[in-house]
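Here is query-v5.pdb, consisting of PDB, C-alpha atoms:
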```pdb
ATOM      1  CA  MET G 176       0.000   0.000   0.000
ATOM      2  CA  PHE G 177       1.313   3.419  -0.993
ATOM      3  CA  ILE G 178      -0.039   6.554   0.679
ATOM      4  CA  GLN G 179       0.446   9.805  -1.196
ATOM      5  CA  THR G 180       0.578  13.137   0.574
ATOM      6  CA  GLU G 181      -0.311  16.569  -0.703
ATOM      7  CA  GLU G 182       0.259  19.976   0.784
ATOM      8  CA  THR G 183      -2.786  22.141   1.416
ATOM      9  CA  PRO G 184      -3.129  25.933   1.536
ATOM     10  CA  ASN G 185      -3.005  25.569   5.324
ATOM     11  CA  PRO G 186       0.669  24.947   6.268
ATOM     12  CA  ALA G 187      -0.388  23.153   9.470
ATOM     13  CA  THR G 188      -2.378  20.586   7.464
ATOM     14  CA  LEU G 189      -1.429  17.746   5.122
ATOM     15  CA  LYS G 190      -3.719  15.656   2.936
ATOM     16  CA  PHE G 191      -3.104  11.885   2.923
ATOM     17  CA  LEU G 192      -4.421   9.776   0.007
ATOM     18  CA  PRO G 193      -4.518   6.041   0.771
ATOM     19  CA  GLY G 194      -5.689   5.138  -2.758
ATOM     20  CA  CYS G 195      -9.047   3.759  -1.610
ATOM     21  CA  PRO G 196     -12.327   5.064  -0.196
ATOM     22  CA  VAL G 197     -12.092   6.419   3.345
ATOM     23  CA  THR G 198     -15.631   7.265   4.451
ATOM     24  CA  GLY G 199     -18.618   5.274   3.333
ATOM     25  CA  GLY G 200     -20.819   8.355   3.427
ATOM     26  CA  ALA G 201     -20.589  11.964   4.508
ATOM     27  CA  PRO G 202     -17.212  13.472   5.443
ATOM     28  CA  GLN G 203     -16.349  13.318   9.151
ATOM     29  CA  ASP G 204     -14.645  16.139  11.045
ATOM     30  CA  PHE G 205     -12.753  15.567  14.298
ATOM     31  CA  PRO G 206     -11.419  18.967  15.439
ATOM     32  CA  GLU G 207     -10.302  17.476  18.769
ATOM     33  CA  PRO G 208      -9.551  14.038  20.237
ATOM     34  CA  GLU G 209     -12.621  13.987  22.499
ATOM     35  CA  GLY G 210     -14.996  13.378  19.575
ATOM     36  CA  ALA G 211     -12.922  10.686  17.890
ATOM     37  CA  GLU G 212     -14.549   7.686  19.595
ATOM     38  CA  LYS G 213     -16.825   7.123  16.599
ATOM     39  CA  SER G 214     -13.820   6.581  14.324
ATOM     40  CA  PRO G 215     -11.119   4.020  15.121
ATOM     41  CA  LEU G 216      -8.943   5.653  12.442
ATOM     42  CA  ALA G 217      -9.288   9.160  13.872
ATOM     43  CA  LYS G 218      -8.705   7.817  17.378
ATOM     44  CA  ARG G 219      -5.538   6.051  16.169
ATOM     45  CA  LEU G 220      -4.260   9.236  14.507
ATOM     46  CA  PHE G 221      -4.863  11.318  17.640
ATOM     47  CA  ALA G 222      -2.673   8.823  19.516
ATOM     48  CA  GLU G 223       0.284  10.216  17.550
ATOM     49  CA  ASN G 224       2.001  12.969  19.520
ATOM     50  CA  GLY G 225       1.417  16.217  17.632
ATOM     51  CA  VAL G 226      -1.890  15.537  15.835
ATOM     52  CA  ALA G 227      -4.338  18.399  16.529
ATOM     53  CA  ALA G 228      -7.273  17.585  14.188
ATOM     54  CA  VAL G 229      -8.429  14.894  11.743
ATOM     55  CA  PHE G 230     -10.820  15.187   8.807
ATOM     56  CA  LEU G 231     -11.993  12.120   6.882
ATOM     57  CA  GLY G 232     -13.114  12.759   3.297
ATOM     58  CA  SER G 233     -14.460  10.364   0.699
ATOM     59  CA  ASP G 234     -10.993   9.265  -0.445
ATOM     60  CA  PHE G 235      -8.583  11.275   1.695
ATOM     61  CA  ILE G 236      -7.568  12.011   5.272
ATOM     62  CA  THR G 237      -6.570  15.494   6.329
ATOM     63  CA  VAL G 238      -4.395  15.824   9.429
ATOM     64  CA  THR G 239      -3.633  19.101  11.180
ATOM     65  CA  LYS G 240      -0.533  19.229  13.354
ATOM     66  CA  GLN G 241       0.007  21.096  16.584
ATOM     67  CA  PRO G 242       1.904  24.384  16.060
ATOM     68  CA  ASP G 243       5.031  23.215  17.893
ATOM     69  CA  LYS G 244       5.430  20.042  15.818
ATOM     70  CA  SER G 245       7.279  19.546  12.542
ATOM     71  CA  TRP G 246       5.892  17.678   9.534
ATOM     72  CA  ALA G 247       9.359  16.212   8.990
ATOM     73  CA  VAL G 248       8.945  14.288  12.254
ATOM     74  CA  LEU G 249       5.167  13.768  12.297
ATOM     75  CA  LYS G 250       4.482  12.809   8.661
ATOM     76  CA  PRO G 251       6.157   9.353   8.745
ATOM     77  CA  THR G 252       4.272   8.335  11.899
ATOM     78  CA  VAL G 253       0.936   9.488  10.455
ATOM     79  CA  VAL G 254       1.577   7.582   7.213
ATOM     80  CA  GLY G 255       2.463   4.501   9.267
ATOM     81  CA  ALA G 256      -0.712   4.764  11.353
ATOM     82  CA  ILE G 257      -2.914   5.144   8.261
ATOM     83  CA  MET G 258      -1.193   2.242   6.496
ATOM     84  CA  GLU G 259      -1.519  -0.019   9.543
ATOM     85  CA  HIS G 260      -5.203   0.834   9.896
ATOM     86  CA  PHE G 261      -6.104  -0.005   6.298
ATOM     87  CA  LEU G 262      -3.888  -3.069   6.043
ATOM     88  CA  THR G 263      -5.522  -4.626   9.103
ATOM     89  CA  GLY G 264      -8.950  -4.119   7.494
ATOM     90  CA  ARG G 265     -10.445  -2.202  10.408
ATOM     91  CA  ALA G 266     -13.491   0.012   9.910
ATOM     92  CA  VAL G 267     -12.927   3.744   9.501
ATOM     93  CA  LEU G 268     -16.099   4.506  11.463
ATOM     94  CA  ALA G 269     -17.256   2.471  14.453
ATOM     95  CA  ASP G 270     -20.713   1.853  12.941
ATOM     96  CA  GLU G 271     -19.298   0.438   9.672
ATOM     97  CA  ASP G 272     -18.510  -3.153   8.890
ATOM     98  CA  PRO G 273     -14.741  -3.651   8.829
ATOM     99  CA  LYS G 274     -13.924  -4.064   5.155
ATOM    100  CA  GLY G 275     -10.620  -2.378   4.548
ATOM    101  CA  CYS G 276      -9.704  -0.828   1.245
ATOM    102  CA  ASP G 277     -12.070  -2.788  -0.948
ATOM    103  CA  HIS G 278     -15.280  -1.247   0.429
ATOM    104  CA  HIS G 279     -17.335   0.954  -1.842
ATOM    105  CA  CYS G 280     -18.016   4.585  -1.228
ATOM    106  CA  HIS G 281     -21.680   5.465  -0.828
ATOM    107  CA  CYS G 282     -21.243   9.192  -0.710
ATOM    108  CA  GLY G 283     -24.459  10.535   0.711
ATOM    109  CA  ASP G 284     -25.725  14.039   1.031
ATOM    110  CA  ALA G 285     -23.923  15.619   3.929
ATOM    111  CA  HIS G 286     -26.798  18.021   4.371
ATOM    112  CA  GLY G 287     -29.667  15.603   4.937
ATOM    113  CA  ASP G 288     -33.118  16.113   3.469
ATOM    114  CA  GLU G 289     -34.164  19.195   5.367
ATOM    115  CA  ASP G 290     -34.549  21.436   2.294
ATOM    116  CA  THR G 291     -36.926  24.147   3.373
ATOM    117  CA  ASP G 292     -37.198  26.214   0.219
ATOM    118  CA  ASP G 293     -36.014  26.698  -3.326
ATOM    119  CA  ILE G 294     -33.232  29.157  -2.397
ATOM    120  CA  THR G 295     -31.755  26.740   0.148
ATOM    121  CA  ARG G 296     -31.870  23.943  -2.422
ATOM    122  CA  LYS G 297     -30.083  26.144  -4.991
ATOM    123  CA  ILE G 298     -27.408  27.113  -2.450
ATOM    124  CA  LYS G 299     -26.789  23.474  -1.516
ATOM    125  CA  ASP G 300     -26.670  22.426  -5.184
ATOM    126  CA  LEU G 301     -24.066  25.094  -6.013
ATOM    127  CA  LEU G 302     -22.004  24.166  -2.963
ATOM    128  CA  ASP G 303     -22.125  20.448  -3.818
ATOM    129  CA  GLN G 304     -21.409  20.872  -7.533
ATOM    130  CA  ARG G 305     -18.942  23.757  -7.655
ATOM    131  CA  VAL G 306     -17.458  24.469  -4.246
ATOM    132  CA  ARG G 307     -17.050  21.212  -2.313
ATOM    133  CA  PRO G 308     -15.136  19.333  -5.066
ATOM    134  CA  ALA G 309     -12.618  22.181  -5.342
ATOM    135  CA  VAL G 310     -12.219  22.486  -1.586
ATOM    136  CA  ALA G 311     -11.823  18.702  -1.245
ATOM    137  CA  GLN G 312      -8.785  18.896  -3.535
ATOM    138  CA  ASP G 313      -7.145  21.002  -0.838
ATOM    139  CA  GLY G 314      -8.092  18.521   1.903
ATOM    140  CA  GLY G 315     -11.105  20.290   3.323
ATOM    141  CA  ASP G 316     -14.830  20.566   3.176
ATOM    142  CA  ILE G 317     -17.451  23.273   3.399
ATOM    143  CA  THR G 318     -20.956  22.369   4.497
ATOM    144  CA  PHE G 319     -24.180  24.323   4.590
ATOM    145  CA  ASP G 320     -25.512  25.374   7.990
ATOM    146  CA  ARG G 321     -28.379  27.738   7.179
ATOM    147  CA  PHE G 322     -29.633  30.626   5.040
ATOM    148  CA  GLU G 323     -31.047  33.496   7.058
ATOM    149  CA  ASP G 324     -31.793  37.142   6.176
ATOM    150  CA  GLY G 325     -29.657  37.042   3.026
ATOM    151  CA  VAL G 326     -26.684  35.454   4.797
ATOM    152  CA  VAL G 327     -25.397  31.936   4.041
ATOM    153  CA  TYR G 328     -23.735  30.307   7.051
ATOM    154  CA  LEU G 329     -21.155  27.601   6.301
ATOM    155  CA  HIS G 330     -19.021  25.210   8.351
ATOM    156  CA  LEU G 331     -15.324  25.070   7.384
ATOM    157  CA  ARG G 332     -13.799  21.651   8.030
ATOM    158  CA  GLY G 333     -10.544  19.827   7.461
ATOM    159  CA  SER G 334      -7.750  21.988   6.053
ATOM    160  CA  CYS G 335     -10.216  24.888   5.632
ATOM    161  CA  SER G 336     -10.591  25.246   9.379
ATOM    162  CA  GLY G 337      -7.929  27.688  10.504
ATOM    163  CA  CYS G 338      -6.497  28.127   7.011
ATOM    164  CA  PRO G 339      -5.013  31.595   6.420
ATOM    165  CA  SER G 340      -6.711  31.820   3.010
ATOM    166  CA  SER G 341     -10.172  30.661   4.174
ATOM    167  CA  VAL G 342     -11.520  34.225   4.526
ATOM    168  CA  MET G 343     -10.483  34.975   0.944
ATOM    169  CA  THR G 344     -12.032  31.684  -0.235
ATOM    170  CA  LEU G 345     -15.294  32.567   1.520
ATOM    171  CA  LYS G 346     -15.512  36.179   0.388
ATOM    172  CA  ALA G 347     -13.813  36.279  -3.011
ATOM    173  CA  GLY G 348     -14.794  32.806  -4.106
ATOM    174  CA  ILE G 349     -17.904  31.334  -2.547
ATOM    175  CA  GLU G 350     -19.718  34.584  -1.781
ATOM    176  CA  ASN G 351     -19.207  35.908  -5.329
ATOM    177  CA  LEU G 352     -20.330  32.595  -6.843
ATOM    178  CA  LEU G 353     -23.488  32.394  -4.760
ATOM    179  CA  ARG G 354     -24.353  36.077  -5.263
ATOM    180  CA  HIS G 355     -23.915  35.670  -9.013
ATOM    181  CA  PHE G 356     -26.302  32.736  -9.305
ATOM    182  CA  ILE G 357     -28.665  33.551  -6.427
ATOM    183  CA  PRO G 358     -29.459  37.281  -6.089
ATOM    184  CA  GLU G 359     -31.062  36.714  -2.660
ATOM    185  CA  VAL G 360     -27.627  35.902  -1.199
ATOM    186  CA  GLN G 361     -25.965  39.016   0.199
ATOM    187  CA  GLU G 362     -23.154  37.570   2.288
ATOM    188  CA  VAL G 363     -21.388  34.351   3.331
ATOM    189  CA  ARG G 364     -20.138  33.742   6.885
ATOM    190  CA  ALA G 365     -18.297  30.908   8.586
ATOM    191  CA  VAL G 366     -19.741  29.327  11.720
ATOM    192  CA  ARG G 367     -18.139  26.980  14.229
TER     193      ARG G 367
END
```

Translate the structure described by the file into structure tokens.
Amino acid sequence: MFIQTEETPNPATLKFLPGCPVTGGAPQDFPEPEGAEKSPLAKRLFAENGVAAVFLGSDFITVTKQPDKSWAVLKPTVVGAIMEHFLTGRAVLADEDPKGCDHHCHCGDAHGDEDTDDITRKIKDLLDQRVRPAVAQDGGDITFDRFEDGVVYLHLRGSCSGCPSSVMTLKAGIENLLRHFIPEVQEVRAVR
């Protein structure tokens, strides 16, 4: 098994590509170790000294390091932990059947079926079709929270969370895109 790594716009974050599906559904964000119980993989990665956050995408894993750690030291141990996890065939999420690298990705809608109106549906469609694939290339994800009084609220996850260029991505990229296609959108804001 060969695990590729890619840099992201966030210097504290690296994207790891194991060459197989990672999540069997919606992306999973673990901004701290306390929430990692639902993912044996995330829990294993947090056991490495220096891992600050873990994000599991459809076919990638994004790891954020603690500020005082070096990727030169941490990267080999993270690669080893990911490789060990997949080679032993353990489940990525606790509620999945352990299948290893040959399981199929059933990428579901990360937003659920709570569409309340046409504008919300249009916003979600644009995010899913134009924004999320581009952001996933950088090891992150952006998910819809709500649309209220002309403002679209989004969650920044993975490498997007804490990225120095995330404000520019939100304002110059996503906000302009949404305002162009949906005149009712006036602004885009990040929420935690």

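Here the PyMOL selection byres ((chain G and resi 291-305) around 8) catches exactly these residues: Glu289, Asp290, Val306, Arg307, Pro308, Ala309, Ile317, Thr318, Phe319, Arg321, Phe322, Leu353, Ile357 and Glu359 of chain G.
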
Worksheet item: Interatomic distance between CA of Gly255 (chain G) and CA of Ala311 (chain G)?
Response: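 Distance reported for this atom pair: 22.7 Å.
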
Discussion item. Here's the selection I'm unsure about, the PyMOL selection byres ((chain G and resi 243) around 12); applied to the file above, which residues does it give, as a PyMOL selection string?
Written reply: chain G and resi 187+224-227+239-242+244-246+248-249

Worksheet entry | Result set of the PyMOL selection byres ((chain G and resi 204) around 7) on the coordinates above, as a list in words |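 That expression, the PyMOL selection byres ((chain G and resi 204) around 7), corresponds here to Pro202, Gln203, Phe205, Pro206, Val229, Phe230, Leu231, Arg332 and Gly333 of chain G.
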
Fill in: Residue nearest Val326 (chain G) among G:Ala228, G:Val366, G:Ala266, G:Val238 (counting all atoms listed in the file)
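Closest candidate: G:Val366.
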
Discussion item. Could you list, as a count of residues only, every residue within 10 Å of Leu192 (chain G), counting all atoms listed in the file and ignoring same-chain residues fewer than 2 positions away?
Written reply: 19

Worksheet item: Which one is closest to Cys335 (chain G): G:Gly315, G:Gly264, G:Gly210, G:Pro193? Count all atoms listed in the file.
Response: G:Gly315

What's around Tyr328 (chain G) at 6 Å? Count all atoms listed in the file, leave out sequence neighbours fewer than 4 positions away in its own chain, and write the answer as a short mmCIF file (atom, residue, chain, number, x, y, z; two decimals) with C-alpha atoms, in the coordinates of the input.
```cif
data_model
loop_
_atom_site.label_atom_id
_atom_site.label_comp_id
_atom_site.auth_asym_id
_atom_site.auth_seq_id
_atom_site.Cartn_x
_atom_site.Cartn_y
_atom_site.Cartn_z
CA ASP G 320 -25.51 25.37 7.99
CA ARG G 321 -28.38 27.74 7.18
CA VAL G 363 -21.39 34.35 3.33
CA ARG G 364 -20.14 33.74 6.88
CA ALA G 365 -18.30 30.91 8.59
#
```

Response to the item:
In Å and to one decimal, CA of Leu220 (chain G) is distant from CA of Ala256 (chain G) by 6.5 Å

Fill in: Computed interatomic separation between CA of Gln361 (chain G) and CA of Met343 (chain G) (Å)
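Rounded to one decimal, the two atoms are 16.0 Å apart.
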
Item to complete: Using all atoms listed in the file, pick whichever of G:Ala211, G:Ala269, G:Leu329, G:Val360 has the shortest atom-to-atom distance to Leu345 (chain G).
Response: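 Distance minimum relative to Leu345 (chain G) lands on G:Leu329.
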
Fill in: Nearest-residue call for Lys218 (chain G), choices G:Thr252, G:Ile349, G:Val267, G:Arg367, using only C-alpha atoms
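Of G:Thr252, G:Ile349, G:Val267, G:Arg367, the one nearest Lys218 (chain G), counting only C-alpha atoms, is G:Val267.
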
Practice prompt. Would you kindly return, as number ranges by chain, each protein, DNA or RNA residue with an atom no farther than 12 Å from any atom of Asp270 (chain G), considering all atoms listed in the file and excluding same-chain residues fewer than 5 positions away?
Written response: G: 198-200, 212-215, 265
